Structure formats: C-alpha cells, structure tokens
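Novice: Structure: work.cif, mmCIF, C-alpha atoms.
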data_target
loop_
_atom_site.label_atom_id
_atom_site.label_comp_id
_atom_site.auth_asym_id
_atom_site.auth_seq_id
_atom_site.Cartn_x
_atom_site.Cartn_y
_atom_site.Cartn_z
CA MET A 77 0.00 0.00 0.00
CA THR A 78 1.33 3.44 -0.90
CA GLU A 79 2.07 5.61 2.11
CA ARG A 80 0.36 9.00 2.10
CA PRO A 81 2.65 12.06 1.91
CA ALA A 82 3.60 13.52 5.30
CA ARG A 83 1.86 16.79 4.50
CA LEU A 84 -1.46 15.03 3.96
CA ARG A 85 -1.06 13.12 7.20
CA ASN A 86 -0.45 16.40 9.01
CA THR A 87 -3.49 18.04 7.38
CA SER A 88 -5.66 15.09 8.29
CA ALA A 89 -4.42 15.19 11.88
CA VAL A 90 -5.23 18.89 12.17
CA GLU A 91 -8.72 18.30 10.79
CA GLU A 92 -9.29 15.40 13.18
CA LEU A 93 -8.13 17.33 16.24
CA ALA A 94 -10.03 20.53 15.39
CA CYS A 95 -13.21 19.08 13.88
CA GLU A 96 -15.28 18.54 17.02
CA ASN A 97 -14.52 21.96 18.51
CA TYR A 98 -15.10 23.73 15.22
CA THR A 99 -18.40 21.89 14.67
CA GLN A 100 -19.59 22.82 18.14
CA ALA A 101 -18.63 26.46 17.68
CA VAL A 102 -20.61 26.62 14.43
CA GLN A 103 -23.62 24.84 15.91
CA ARG A 104 -23.67 27.20 18.90
CA GLN A 105 -23.58 30.26 16.62
CA LEU A 106 -20.08 31.30 17.66
CA MET A 107 -18.52 30.91 14.20
CA ARG A 108 -19.78 31.26 10.61
CA VAL A 109 -22.58 33.55 11.78
CA THR A 110 -24.59 35.45 9.17
CA LEU A 111 -25.49 38.97 10.31
CA GLU A 112 -28.94 40.34 9.65
CA GLY A 113 -28.08 43.93 10.52
CA ARG A 114 -25.35 46.18 11.85
CA SER A 115 -25.10 49.56 13.54
CA ARG A 116 -21.44 50.25 14.31
CA ARG A 117 -20.59 47.74 17.09
CA LYS A 118 -24.13 46.41 17.48
CA VAL A 119 -24.96 43.44 15.24
CA ALA A 120 -28.14 41.40 14.82
CA PHE A 121 -28.51 37.68 14.11
CA GLY A 122 -30.82 34.91 15.18
CA GLY A 123 -33.37 37.37 16.52
CA LYS A 124 -30.96 39.02 18.99
CA THR A 125 -28.73 42.10 19.00
CA VAL A 126 -25.32 41.97 20.67
CA THR A 127 -22.18 44.05 21.00
CA GLU A 128 -19.43 42.52 18.88
CA TRP A 129 -15.76 42.36 19.88
CA VAL A 130 -14.44 40.70 16.71
CA ASN A 131 -14.27 43.55 14.16
CA CYS A 132 -10.71 44.84 13.63
CA SER A 133 -11.81 48.30 12.48
CA TYR A 134 -10.14 49.78 15.57
CA LEU A 135 -10.67 53.45 14.68
CA GLY A 136 -14.22 53.16 13.32
CA ILE A 137 -13.23 54.71 9.99
CA ASP A 138 -15.22 52.13 7.99
CA THR A 139 -18.56 53.68 8.97
CA ARG A 140 -17.67 57.36 8.57
CA PRO A 141 -20.02 59.06 6.06
CA GLU A 142 -17.24 60.68 4.01
CA VAL A 143 -15.48 57.32 3.57
CA ILE A 144 -18.69 55.63 2.42
CA ALA A 145 -19.60 58.51 0.08
CA ARG A 146 -16.18 58.55 -1.63
CA GLY A 147 -16.49 54.84 -2.37
CA GLN A 148 -19.96 55.29 -3.83
CA ALA A 149 -18.81 58.18 -6.00
CA LEU A 150 -15.92 56.24 -7.50
CA ILE A 151 -18.20 53.29 -8.36
CA ALA A 152 -20.55 55.69 -10.12
CA GLU A 153 -17.64 57.00 -12.21
CA TRP A 154 -15.67 53.78 -12.91
CA GLY A 155 -18.04 50.86 -12.27
CA VAL A 156 -17.61 48.11 -9.71
CA HIS A 157 -14.42 46.55 -11.04
CA LEU A 158 -12.14 46.16 -14.04
CA CYS A 159 -11.54 42.43 -14.51
CA CYS A 160 -8.05 42.67 -15.90
CA ALA A 161 -4.58 41.87 -14.61
CA ARG A 162 -2.76 44.95 -13.31
CA SER A 163 0.08 44.26 -15.73
CA ARG A 164 -2.38 45.49 -18.40
CA PHE A 165 -4.65 48.17 -16.90
CA SER A 166 -5.06 50.18 -13.74
CA ILE A 167 -7.03 53.37 -13.05
CA GLY A 168 -5.97 56.89 -12.17
CA PRO A 169 -7.53 56.94 -8.68
CA LEU A 170 -5.57 53.80 -7.69
CA GLU A 171 -2.32 55.42 -8.79
CA GLU A 172 -3.35 58.49 -6.78
CA LEU A 173 -3.89 56.25 -3.74
CA GLU A 174 -0.52 54.52 -4.05
CA ASP A 175 1.29 57.81 -4.58
CA GLY A 176 -0.47 59.26 -1.55
CA LEU A 177 0.41 56.29 0.66
CA SER A 178 4.03 56.48 -0.51
CA GLN A 179 4.23 60.16 0.42
CA LEU A 180 2.39 59.65 3.70
CA TRP A 181 4.59 56.83 4.92
CA GLY A 182 7.89 57.65 3.24
CA ALA A 183 8.34 54.48 1.17
CA HIS A 184 7.23 52.95 -2.12
CA ALA A 185 3.68 51.60 -1.66
CA VAL A 186 2.14 48.88 -3.82
CA THR A 187 -1.46 47.90 -2.98
CA PHE A 188 -3.09 44.47 -3.21
CA PRO A 189 -6.63 43.13 -2.64
CA SER A 190 -5.35 41.55 0.62
CA VAL A 191 -2.26 41.46 2.80
CA THR A 192 -2.03 37.75 1.98
CA SER A 193 -1.72 38.50 -1.74
CA ALA A 194 0.92 41.12 -0.91
CA HIS A 195 2.94 38.41 0.87
CA MET A 196 2.50 36.04 -2.07
CA SER A 197 3.98 38.56 -4.50
CA THR A 198 6.71 39.94 -2.26
CA MET A 199 8.17 37.19 -0.09
CA PRO A 200 9.53 34.96 -2.89
CA LEU A 201 11.31 38.04 -4.28
CA LEU A 202 12.92 39.08 -0.97
CA PRO A 203 16.28 37.36 -1.63
CA SER A 204 16.83 39.61 -4.65
CA ARG A 205 19.23 42.49 -4.09
CA GLU A 206 16.60 45.01 -5.15
CA LEU A 207 14.42 44.19 -2.16
CA SER A 208 16.84 43.37 0.66
CA THR A 209 20.45 44.05 -0.44
CA LEU A 210 21.27 40.41 0.37
CA LYS A 211 23.92 38.30 -1.31
CA GLY A 212 24.19 34.56 -1.91
CA SER A 213 22.04 31.87 -0.31
CA VAL A 214 19.35 32.89 2.19
CA THR A 215 17.90 31.56 5.43
CA PHE A 216 14.40 32.74 6.39
CA LEU A 217 13.97 32.87 10.17
CA TYR A 218 10.27 32.93 11.08
CA ASP A 219 9.01 34.06 14.46
CA ARG A 220 6.99 31.08 15.70
CA PHE A 221 3.84 33.23 15.91
CA ALA A 222 4.25 34.98 12.54
CA HIS A 223 0.86 35.27 10.86
CA ALA A 224 -0.57 32.26 9.04
CA SER A 225 -0.62 34.19 5.76
CA MET A 226 3.20 34.17 5.89
CA GLN A 227 3.57 30.69 7.39
CA PHE A 228 1.61 29.38 4.41
CA LEU A 229 4.48 30.38 2.11
CA LYS A 230 7.13 28.34 3.92
CA PRO A 231 7.04 25.45 1.38
CA VAL A 232 7.36 27.92 -1.50
CA LEU A 233 10.39 29.59 0.07
CA ALA A 234 11.90 26.26 1.14
CA ALA A 235 12.01 25.13 -2.48
CA GLU A 236 14.93 27.52 -3.02
CA HIS A 237 16.07 28.61 0.44
CA ARG A 238 16.45 27.40 4.00
CA VAL A 239 13.47 28.09 6.30
CA GLU A 240 13.57 27.83 10.11
CA SER A 241 11.46 28.97 13.06
CA VAL A 242 12.65 30.75 16.20
CA PRO A 243 10.83 31.11 19.55
CA HIS A 244 8.32 33.95 19.78
CA ASN A 245 9.87 37.38 20.47
CA ASP A 246 13.11 35.72 21.65
CA VAL A 247 15.78 38.13 20.41
CA ASP A 248 18.63 36.07 21.91
CA ALA A 249 17.44 32.97 20.04
CA LEU A 250 17.11 35.04 16.88
CA GLU A 251 20.69 36.24 17.25
CA ARG A 252 22.00 32.70 17.73
CA ALA A 253 20.08 31.41 14.70
CA ALA A 254 21.26 34.34 12.56
CA LYS A 255 24.89 33.78 13.51
CA GLU A 256 24.58 30.07 12.71
CA ALA A 257 23.17 30.96 9.29
CA HIS A 258 26.03 33.39 8.67
CA GLN A 259 28.50 30.65 9.57
CA ARG A 260 26.93 28.54 6.81
CA GLY A 261 27.47 31.44 4.45
CA ASP A 262 23.78 32.44 4.31
CA SER A 263 22.22 35.86 4.43
CA VAL A 264 19.24 36.10 6.81
CA ILE A 265 15.68 37.44 6.55
CA TYR A 266 13.64 37.66 9.77
CA VAL A 267 9.86 37.27 9.32
CA ALA A 268 7.56 38.57 12.06
CA ASP A 269 4.49 40.66 12.87
CA GLY A 270 4.55 44.21 14.21
CA VAL A 271 1.37 43.66 16.25
CA TYR A 272 0.40 40.01 16.62
CA SER A 273 -3.15 38.97 15.79
CA MET A 274 -3.37 36.85 18.96
CA GLY A 275 -2.04 39.66 21.17
CA GLY A 276 1.36 41.14 21.90
CA VAL A 277 3.82 43.18 19.87
CA CYS A 278 7.24 42.70 18.31
CA PRO A 279 10.17 44.04 20.41
CA ILE A 280 11.01 46.14 17.39
CA ASP A 281 13.70 48.33 18.98
CA ASP A 282 15.71 45.26 19.99
CA VAL A 283 15.13 43.59 16.62
CA LEU A 284 16.22 46.68 14.69
CA ALA A 285 19.37 46.99 16.80
CA LEU A 286 20.12 43.30 16.24
CA SER A 287 19.57 43.66 12.48
CA GLN A 288 22.40 46.20 12.36
CA ARG A 289 24.69 44.24 14.66
CA VAL A 290 24.50 40.84 12.96
CA GLU A 291 23.22 41.88 9.50
CA LEU A 292 19.78 40.54 8.78
CA ALA A 293 16.97 41.85 6.63
CA LEU A 294 13.53 42.33 8.18
CA TYR A 295 10.14 41.48 6.71
CA ILE A 296 7.47 42.69 9.12
CA ASP A 297 3.71 42.34 8.69
CA ASP A 298 2.34 45.45 10.39
CA ALA A 299 -1.29 44.94 9.35
CA HIS A 300 -2.65 45.32 12.90
CA GLY A 301 -0.36 48.28 13.60
CA THR A 302 -1.36 50.31 10.54
CA SER A 303 -3.12 53.60 11.36
CA ILE A 304 -3.21 53.10 15.13
CA PHE A 305 0.47 54.00 15.63
CA GLY A 306 2.27 57.15 14.46
CA GLU A 307 1.21 60.70 13.65
CA ARG A 308 0.49 59.67 10.04
CA GLY A 309 -0.73 56.17 10.87
CA GLU A 310 2.58 54.72 9.67
CA GLY A 311 2.35 51.77 12.05
CA SER A 312 4.15 50.22 14.99
CA VAL A 313 7.51 49.92 13.20
CA LEU A 314 7.91 53.11 11.19
CA SER A 315 6.60 55.21 14.08
CA ARG A 316 9.70 54.14 16.05
CA LEU A 317 12.08 55.07 13.26
CA GLY A 318 11.08 58.58 12.23
CA GLU A 319 13.00 59.44 9.09
CA ARG A 320 15.66 56.77 9.75
CA ARG A 321 14.27 54.01 7.55
CA PRO A 322 16.88 51.25 7.08
CA GLU A 323 17.37 49.69 3.65
CA ASN A 324 17.00 46.18 5.12
CA LEU A 325 13.33 46.70 6.10
CA THR A 326 10.26 45.65 4.09
CA LEU A 327 6.80 46.17 5.62
CA THR A 328 3.30 45.11 4.76
CA PHE A 329 0.33 47.27 5.75
CA SER A 330 -3.42 46.84 5.90
CA LEU A 331 -6.05 49.04 4.34
CA SER A 332 -8.70 47.36 6.48
CA LYS A 333 -8.38 47.14 10.28
CA GLY A 334 -7.32 50.57 11.55
CA PHE A 335 -7.32 52.13 8.08
CA GLY A 336 -11.01 51.31 7.77
CA THR A 337 -11.47 50.10 4.18
CA ASN A 338 -10.17 46.81 2.71
CA GLY A 339 -7.10 45.27 1.12
CA GLY A 340 -3.45 45.83 1.94
CA GLY A 341 -0.05 46.37 0.47
CA VAL A 342 3.70 46.48 0.85
CA LEU A 343 6.10 49.34 1.59
CA LEU A 344 9.31 48.85 -0.35
CA PRO A 345 12.69 50.49 0.24
CA SER A 346 13.42 51.67 -3.31
CA ARG A 347 11.95 52.40 -6.72
CA GLU A 348 13.81 49.40 -8.11
CA ALA A 349 12.24 47.12 -5.49
CA GLU A 350 8.83 48.50 -6.44
CA ARG A 351 9.52 47.81 -10.12
CA ARG A 352 10.51 44.23 -9.34
CA VAL A 353 7.31 43.51 -7.38
CA ARG A 354 5.14 45.07 -10.09
CA THR A 355 6.95 43.06 -12.77
CA TYR A 356 7.48 39.65 -11.14
CA GLY A 357 5.04 39.53 -8.22
CA MET A 358 2.67 36.68 -9.11
CA THR A 359 -0.51 38.04 -7.57
CA TYR A 360 0.27 41.50 -8.94
CA ALA A 361 0.98 40.43 -12.51
CA PHE A 362 -1.86 37.91 -12.82
CA SER A 363 -4.60 39.29 -10.54
CA GLY A 364 -6.82 42.33 -10.40
CA PRO A 365 -6.53 45.49 -8.29
CA LEU A 366 -8.56 46.67 -5.33
CA ASP A 367 -12.27 46.92 -6.07
CA PHE A 368 -13.10 50.47 -7.07
CA ALA A 369 -15.36 51.20 -4.11
CA ILE A 370 -12.40 50.37 -1.88
CA VAL A 371 -10.12 52.69 -3.86
CA GLY A 372 -12.55 55.57 -3.34
CA SER A 373 -13.05 54.84 0.35
CA ALA A 374 -9.29 54.45 0.84
CA LEU A 375 -8.69 57.87 -0.74
CA ALA A 376 -11.08 59.36 1.83
CA SER A 377 -9.30 57.53 4.66
CA LEU A 378 -5.98 58.76 3.27
CA GLU A 379 -7.25 62.34 3.55
CA LEU A 380 -8.27 61.71 7.15
CA HIS A 381 -4.76 60.41 7.88
CA ARG A 382 -3.40 63.83 6.93
CA THR A 383 -5.51 65.61 9.57
CA PRO A 384 -5.48 65.92 13.38
CA GLU A 385 -8.60 63.72 13.44
CA LEU A 386 -6.36 60.66 13.15
CA GLN A 387 -4.49 61.55 16.35
CA ARG A 388 -7.81 62.17 18.11
CA LEU A 389 -9.04 58.71 17.13
CA GLN A 390 -5.74 57.11 18.17
CA ALA A 391 -5.92 58.80 21.57
CA GLU A 392 -9.49 57.65 22.06
CA LEU A 393 -8.52 54.07 21.18
CA ARG A 394 -5.70 54.15 23.72
CA ARG A 395 -8.11 55.48 26.34
CA LYS A 396 -10.55 52.64 25.66
CA VAL A 397 -7.80 50.01 25.91
CA ALA A 398 -6.50 51.62 29.11
CA LEU A 399 -10.01 51.47 30.58
CA PHE A 400 -10.30 47.76 29.78
CA ASP A 401 -6.84 47.13 31.25
CA ALA A 402 -7.68 49.04 34.44
CA LEU A 403 -10.95 47.15 34.92
CA THR A 404 -9.32 43.76 34.32
CA GLY A 405 -5.94 44.40 35.90
CA THR A 406 -4.19 43.73 32.60
CA GLU A 407 -0.54 44.73 32.18
CA ALA A 408 0.62 44.53 28.58
CA PRO A 409 2.01 46.76 25.81
CA PHE A 410 -0.59 48.77 23.98
CA SER A 411 -2.56 46.80 21.43
CA PRO A 412 -6.29 46.91 20.66
CA ILE A 413 -6.28 43.10 20.85
CA ARG A 414 -6.68 41.56 24.28
CA MET A 415 -6.69 37.82 24.92
CA VAL A 416 -8.50 36.03 27.77
CA LYS A 417 -6.80 32.70 28.37
CA LEU A 418 -9.07 29.81 29.31
CA GLY A 419 -7.07 26.70 28.42
CA ASP A 420 -9.59 23.94 27.80
CA GLU A 421 -11.32 24.16 24.41
CA GLN A 422 -14.72 23.05 25.69
CA ARG A 423 -14.60 25.59 28.49
CA ALA A 424 -13.70 28.36 26.05
CA ILE A 425 -16.65 27.47 23.80
CA ALA A 426 -19.00 27.40 26.78
CA VAL A 427 -17.75 30.75 28.08
CA ALA A 428 -18.12 32.37 24.64
CA GLU A 429 -21.68 31.05 24.45
CA GLN A 430 -22.49 32.45 27.90
CA LEU A 431 -21.06 35.83 26.95
CA ARG A 432 -23.08 35.89 23.75
CA ASP A 433 -26.24 35.21 25.74
CA LYS A 434 -25.29 38.18 27.95
CA GLY A 435 -24.99 40.39 24.86
CA HIS A 436 -21.28 40.13 23.95
CA PHE A 437 -20.04 38.35 20.82
CA THR A 438 -16.38 37.39 21.16
CA SER A 439 -13.97 35.30 19.08
CA VAL A 440 -13.31 31.90 20.63
CA THR A 441 -9.90 30.67 19.44
CA PHE A 442 -8.56 27.15 19.69
CA PHE A 443 -6.28 24.72 17.86
CA PRO A 444 -4.99 25.12 15.18
CA ILE A 445 -5.20 28.91 15.66
CA VAL A 446 -3.45 28.49 19.02
CA ALA A 447 -1.78 25.48 20.62
CA ARG A 448 -3.88 22.61 21.94
CA GLY A 449 -4.99 23.29 25.50
CA ASP A 450 -4.40 27.05 25.11
CA ALA A 451 -7.89 28.11 24.03
CA MET A 452 -8.68 31.80 24.46
CA LEU A 453 -11.17 34.54 23.83
CA ARG A 454 -9.94 37.23 21.46
CA LEU A 455 -11.29 40.72 22.10
CA CYS A 456 -10.83 43.56 19.58
CA LEU A 457 -11.47 46.95 21.14
CA GLY A 458 -12.44 49.97 19.07
CA VAL A 459 -13.22 53.65 19.46
CA ASP A 460 -16.88 52.90 18.76
CA HIS A 461 -17.18 50.77 21.89
CA SER A 462 -18.68 52.94 24.61
CA ASP A 463 -17.23 53.01 28.11
CA GLU A 464 -20.37 51.23 29.26
CA ASP A 465 -19.85 48.54 26.61
CA ILE A 466 -16.40 47.89 28.05
CA ALA A 467 -17.58 47.94 31.66
CA ALA A 468 -20.46 45.58 30.82
CA LEU A 469 -18.10 43.18 29.05
CA VAL A 470 -15.75 43.07 32.04
CA ARG A 471 -18.68 42.47 34.41
CA SER A 472 -19.86 39.61 32.22
CA LEU A 473 -16.35 38.12 32.01
CA ARG A 474 -16.25 38.02 35.80
CA GLU A 475 -19.75 36.58 36.08
CA VAL A 476 -18.87 33.63 33.80
CA GLY A 477 -15.59 33.03 35.59
CA ALA A 478 -13.32 34.07 32.73
CA LEU A 479 -11.32 36.52 34.85
CA GLY A 480 -9.44 35.69 38.02
#
Rewrite the coordinates I just gave you, this time as structure tokens.

Specialist:
Amino acid sequence: MTERPARLRNTSAVEELACENYTQAVQRQLMRVTLEGRSRRKVAFGGKTVTEWVNCSYLGIDTRPEVIARGQALIAEWGVHLCCARSRFSIGPLEELEDGLSQLWGAHAVTFPSVTSAHMSTMPLLPSRELSTLKGSVTFLYDRFAHASMQFLKPVLAAEHRVESVPHNDVDALERAAKEAHQRGDSVIYVADGVYSMGGVCPIDDVLALSQRVELALYIDDAHGTSIFGERGEGSVLSRLGERRPENLTLTFSLSKGFGTNGGGVLLPSREAERRVRTYGMTYAFSGPLDFAIVGSALASLELHRTPELQRLQAELRRKVALFDALTGTEAPFSPIRMVKLGDEQRAIAVAEQLRDKGHFTSVTFFPIVARGDAMLRLCLGVDHSDEDIAALVRSLREVGALG
C-alpha cells in the first residue's frame, strides 16, 4: 500500500483534532454567523442584538459618512471593477492612492486586494538584491507566531532557500540562529508581525538593533499596527524610526483594520524594489486590483490620515484600551487586541456562548489557531465601543468566571 505524503497526514491530523470543537462552535452560533443587521458595534442575528468584539476596524473609519460617500462616487464613475490583470490596466484613482500612501509613509507603496496576496507577490522576491540588499544563499527565520498568511508560504520559500522557526519574540534565540546561518554562508531574513493577531507586539527596537549588529533583513507584517500608531498612521515599526528608515526593512500594511477600508499592500525600500514587485510579483501580474469602491473609500481615509482627526481617534482608542486594562488588571504593551486565556477548548466554547447570551459576541480561538490546551477569547477593542460597553463586558467576564 502506498504511504500518504507527510503533508497530507499532518493536514488530516489537524482536521481530526479541530473538527469537534469547530463543529460545536458553528452549531452554537459562535462561528460562521450570518449577520442580519449592523449599527457600528451592534450586530443582529438569530433574533438578537449583541455588542461585537471581533471587528478589527479599531478606529471606526469604515462607517464614517465621508469614507462611504467617496467609495460610492468612484463606483458611479468607474463601475464596480475592471476584470483585468494589473500588468495590463489600472485606473488613475488607484495610482493616486498609491502615490499618496508612498508620500504619507515615506516608502514605495504597492497595494493588493489583501495582505495575503501582498505576501504572495513579495516574499519569494525578498532574496533579490533590489528588495533586501542580500547576497548569496538565504535563510528565512520565522518568528513562531508569525501570521498564518506568511507561514503558508514556507514550502514555496523552502524550495529555493532554508526556512527555520525561532521562539516567539526571543531576540537572543534570533541572534543565535542568525549567527549560525552566517557561519553557513547564508544571508538572513527575519519574518515577524509588528502587532500580533493573537495579542502582543514585536520588540522592534531590539530587533532593529540586532539587524544592524549581525546583519539581517527584516520582513514585518504590520497589518494590525497600521493607522493606530504614528502621527500619520505609519504603524508600529515606522513610528519608532522617524526618518531613519533602514534599507534592510520591508513592511506590509493593511487598508482594512485601523485604516477602515479593505485590502493591503507592501512598503518597499526603493523604486527598483517597487519595479521588481510590479513586474514579477505573481498576484500583482496575474490578478486584479482593489475593487473600485475600496479605492474611493481608501482615498477618503488617506485624507483623514493627513488631519489631526487621526491623532484624536488614536488617543481615544488608547483610552478605551486603558479602561479595559484598568478594569481587568491587565498589564501589557498597547494593542487593541486583548486575549482572555481559558485553556480547555470546551470551556472556552462554553464561556463564549455564555457571553453571547449576555450580549457580547467574542472570538473563541482554539487549535490550530493556538496550541492545543491554550484556548482563548480574542477581544478587539475599538473607538466605537462605549465606556459602558467595556464595563459591561468586564462584568460579564467576571460573572462567567473568565477573569481571576
């Protein structure tokens, strides 16, 4: 009998271990829920209205009237979409958006329909000198908790390069692994998130210092940091650098989440790097652009990012997170994502169901999103949560025994 490939065995094992929990979460209306209505953070389904804590639009820009109106106006002018690869056609407003983002954030911006598609076009090209100034063979060092959209590309990168993982946010382990790669004669690219989707942030100051000391290029997904850090919304990494942008840094950004529209993109260190991605990036050359409504809405959000209103929204978000932290006794670096650790998967599902019945819809996360036995609730806080929403959530968390 022919043995199944190891990758299929692993996929089957993941499905087997996750199936029961996933099925229960769907049956209990905790996942794959179809909304019947929405008013900012209030959503309706199954005959009830609850406050949701799953939407990553941290600054509430997605519901602002001027953002909606700009999207509608661009559809009226250009139609819904142009079904053509970007290597053939684009539209003037999209070029205006990319030029504006490049000026706003001080790098060369290329947009994509998703951050995942930005990774797919950019990461295989990273070993080229145009993108990272590297020479010779390359070792990719992945932070263990790097986002799944980057982890998915490991087999593609491993076909031509060496790919390894290092412990989460362990700068000493990263330094050891980088030095070992250098001893083999390899250049090094470190792959990590700026703000992690399951909570926590990259120790970017230490990583940047290390990148100069032992020579490694950095590829950072700052999707969750976009717009909520920096005077211009430049994110958790660039906001720490000011005008001192190193040549060894490539960043991805999100146009959803804090930015409030949809899609994403990559910030490249040079015009030549931009040309290479536009020429050889697979999802750029053979896929379409952002939908035109998104282009219009993103142009409106871009205008907002040039005004003091952005700093006001950022300050309000920080105040809301600080309120949650004070009420729960949380001590952690600023992030709009807060995790409530519960451990057992069945307990986490039950707690999420109890919270929903009390009027709070939260994300229950379990294997393979997190390790087995480390199930959690994921809470995304936003400026459009009221103080009473936050206080009521904390009361409910205590009532169901989710907080110590």

Novice: At what distance in Å, to one decimal, does atom CA of A:Gly270 lie from atom CA of A:Thr215?

Specialist: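 Computing it gives 20.4 Å between the two atoms.
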
Novice: Could you check the closest approach to A:Glu174 for each of A:Leu331, A:Ile151, A:Val239, A:Asp138 and tell me which residue wins, using all atoms listed in the file?

Specialist: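 Looking at the shortest contact to A:Glu174, the residue is A:Leu331.
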
Novice: Which of these residues is nearest to A:Thr441, using only C-alpha atoms: A:Ile425, A:Leu173, A:Leu378, A:Val102?

Specialist: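 Checking each candidate against A:Thr441, we get A:Ile425 as the closest.
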
Novice: Evaluate the PyMOL selection byres ((chain A and resi 454-471) around 8) here and jot the selected residues down as a count of residues only.

Specialist: 37

Novice: Under the PyMOL selection byres ((chain A and resi 195-197) around 7), which residues of this model are included? Write them out as a PyMOL selection string.

Specialist: chain A and resi 191-194+198-200+226+353+357-360

Novice: What's the separation between atom CA of A:Glu96 and atom CA of A:Gln430, in Å to one decimal place?

Specialist: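 Between atom CA of A:Glu96 and atom CA of A:Gln430 the gap is 19.1 Å.
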
Novice: Do you know which residues the PyMOL selection byres ((chain A and resi 143) around 10) returns on this file, as a list in words?

Specialist: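 Output from the PyMOL selection byres ((chain A and resi 143) around 10), applied to this file: Ile137, Asp138, Thr139, Arg140, Pro141, Glu142, Ile144, Ala145, Arg146, Gly147, Gln148, Gly336, Thr337, Ala369, Ile370, Gly372, Ser373, Ala374, Leu375, Ala376, Ser377, Leu378, Glu379 and Leu380 of chain A.
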
Novice: Pick out the closest residue to A:Gln288 from this set: A:Glu307, A:Glu236, A:Glu323, A:Glu128. Count all atoms listed in the file.

Specialist: A:Glu323

Novice: Residues at most 10 Å from A:Gly301, counting all atoms listed in the file, excluding those fewer than 6 positions away in the same chain, as an mmCIF file with C-alpha atoms, in the coordinates of the input?

Specialist:
data_model
loop_
_atom_site.group_PDB
_atom_site.id
_atom_site.type_symbol
_atom_site.label_atom_id
_atom_site.label_comp_id
_atom_site.auth_asym_id
_atom_site.auth_seq_id
_atom_site.Cartn_x
_atom_site.Cartn_y
_atom_site.Cartn_z
ATOM 1 C CA ASP A 269 4.490 40.660 12.870
ATOM 2 C CA GLY A 270 4.550 44.210 14.210
ATOM 3 C CA VAL A 271 1.370 43.660 16.250
ATOM 4 C CA TYR A 272 0.400 40.010 16.620
ATOM 5 C CA SER A 273 -3.150 38.970 15.790
ATOM 6 C CA VAL A 277 3.820 43.180 19.870
ATOM 7 C CA GLY A 309 -0.730 56.170 10.870
ATOM 8 C CA GLU A 310 2.580 54.720 9.670
ATOM 9 C CA GLY A 311 2.350 51.770 12.050
ATOM 10 C CA SER A 312 4.150 50.220 14.990
ATOM 11 C CA VAL A 313 7.510 49.920 13.200
ATOM 12 C CA LEU A 314 7.910 53.110 11.190
ATOM 13 C CA SER A 315 6.600 55.210 14.080
ATOM 14 C CA PHE A 329 0.330 47.270 5.750
ATOM 15 C CA SER A 330 -3.420 46.840 5.900
ATOM 16 C CA LYS A 333 -8.380 47.140 10.280
ATOM 17 C CA GLY A 334 -7.320 50.570 11.550
ATOM 18 C CA PHE A 335 -7.320 52.130 8.080
ATOM 19 C CA SER A 411 -2.560 46.800 21.430
ATOM 20 C CA PRO A 412 -6.290 46.910 20.660
#

Novice: By how many Å are atom CA of A:Arg162 and atom CA of A:Arg354 apart?

Specialist: 8.5 Å

Novice: Which residue, A:Glu153, A:Asp262, A:Glu251, A:Glu240, has the smallest gap to A:Leu284 when you use all atoms listed in the file?

Specialist: A:Glu251

Novice: Report, as AutoDock Vina command-line options, the axis-aligned box around all atoms of stretch 248-260 of chain A present in the file, extended by 8 Å on each side; give centre and edge lengths in Å to one decimal place.

Specialist:
--center_x 22.8 --center_y 32.4 --center_z 14.4 --size_x 27.4 --size_y 23.7 --size_z 31.1

Novice: Which residue gives the smallest distance to A:Leu111 among A:Thr328, A:Thr99, A:Thr383, A:Thr125, with all atoms listed in the file counted?

Specialist: A:Thr125

Novice: If you count only C-alpha atoms, which residues fall within 9 Å of A:Arg423, apart from same-chain ones fewer than 5 positions away, as a PyMOL selection string?

Specialist: chain A and resi 418+428+451

Novice: How would the residues just picked look written out with C-alpha atoms as a PDB file, keeping the file's coordinate frame?

Specialist:
ATOM      1  CA  LEU A 418      -9.070  29.810  29.310  1.00  0.00           C
ATOM      2  CA  ALA A 428     -18.120  32.370  24.640  1.00  0.00           C
ATOM      3  CA  ALA A 451      -7.890  28.110  24.030  1.00  0.00           C
TER       4      ALA A 451
END

Novice: Atoms are missing here; could stretch 111-125 of chain A be completed with N, CA and C atoms and written as a short mmCIF file (atom, residue, chain, number, x, y, z; two decimals), in the coordinates of the input?

Specialist:
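Result file follows (result_33.cif):
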data_model
loop_
_atom_site.label_atom_id
_atom_site.label_comp_id
_atom_site.auth_asym_id
_atom_site.auth_seq_id
_atom_site.Cartn_x
_atom_site.Cartn_y
_atom_site.Cartn_z
N LEU A 111 -24.86 37.81 9.68
CA LEU A 111 -25.49 38.97 10.31
C LEU A 111 -26.71 39.41 9.51
N GLU A 112 -27.72 39.83 10.25
CA GLU A 112 -28.94 40.34 9.65
C GLU A 112 -28.99 41.87 9.65
N GLY A 113 -28.12 42.47 10.44
CA GLY A 113 -28.08 43.93 10.52
C GLY A 113 -26.89 44.37 11.33
N ARG A 114 -26.51 45.65 11.14
CA ARG A 114 -25.35 46.18 11.85
C ARG A 114 -25.52 47.67 12.05
N SER A 115 -25.19 48.14 13.25
CA SER A 115 -25.10 49.56 13.54
C SER A 115 -23.85 49.77 14.37
N ARG A 116 -22.76 50.12 13.68
CA ARG A 116 -21.44 50.25 14.31
C ARG A 116 -21.10 48.95 15.04
N ARG A 117 -20.99 48.95 16.37
CA ARG A 117 -20.59 47.74 17.09
C ARG A 117 -21.76 46.86 17.52
N LYS A 118 -22.96 47.24 17.18
CA LYS A 118 -24.13 46.41 17.48
C LYS A 118 -24.49 45.61 16.22
N VAL A 119 -24.62 44.29 16.38
CA VAL A 119 -24.96 43.44 15.24
C VAL A 119 -26.14 42.56 15.61
N ALA A 120 -26.93 42.19 14.60
CA ALA A 120 -28.14 41.40 14.82
C ALA A 120 -28.03 40.08 14.07
N PHE A 121 -28.40 39.00 14.73
CA PHE A 121 -28.51 37.68 14.11
C PHE A 121 -29.34 36.80 15.01
N GLY A 122 -30.03 35.86 14.40
CA GLY A 122 -30.82 34.91 15.18
C GLY A 122 -31.84 35.55 16.09
N GLY A 123 -32.35 36.72 15.72
CA GLY A 123 -33.37 37.37 16.52
C GLY A 123 -32.85 38.13 17.72
N LYS A 124 -31.52 38.28 17.85
CA LYS A 124 -30.96 39.02 18.99
C LYS A 124 -29.97 40.05 18.49
N THR A 125 -29.74 41.08 19.28
CA THR A 125 -28.73 42.10 19.00
C THR A 125 -27.68 42.08 20.11
#
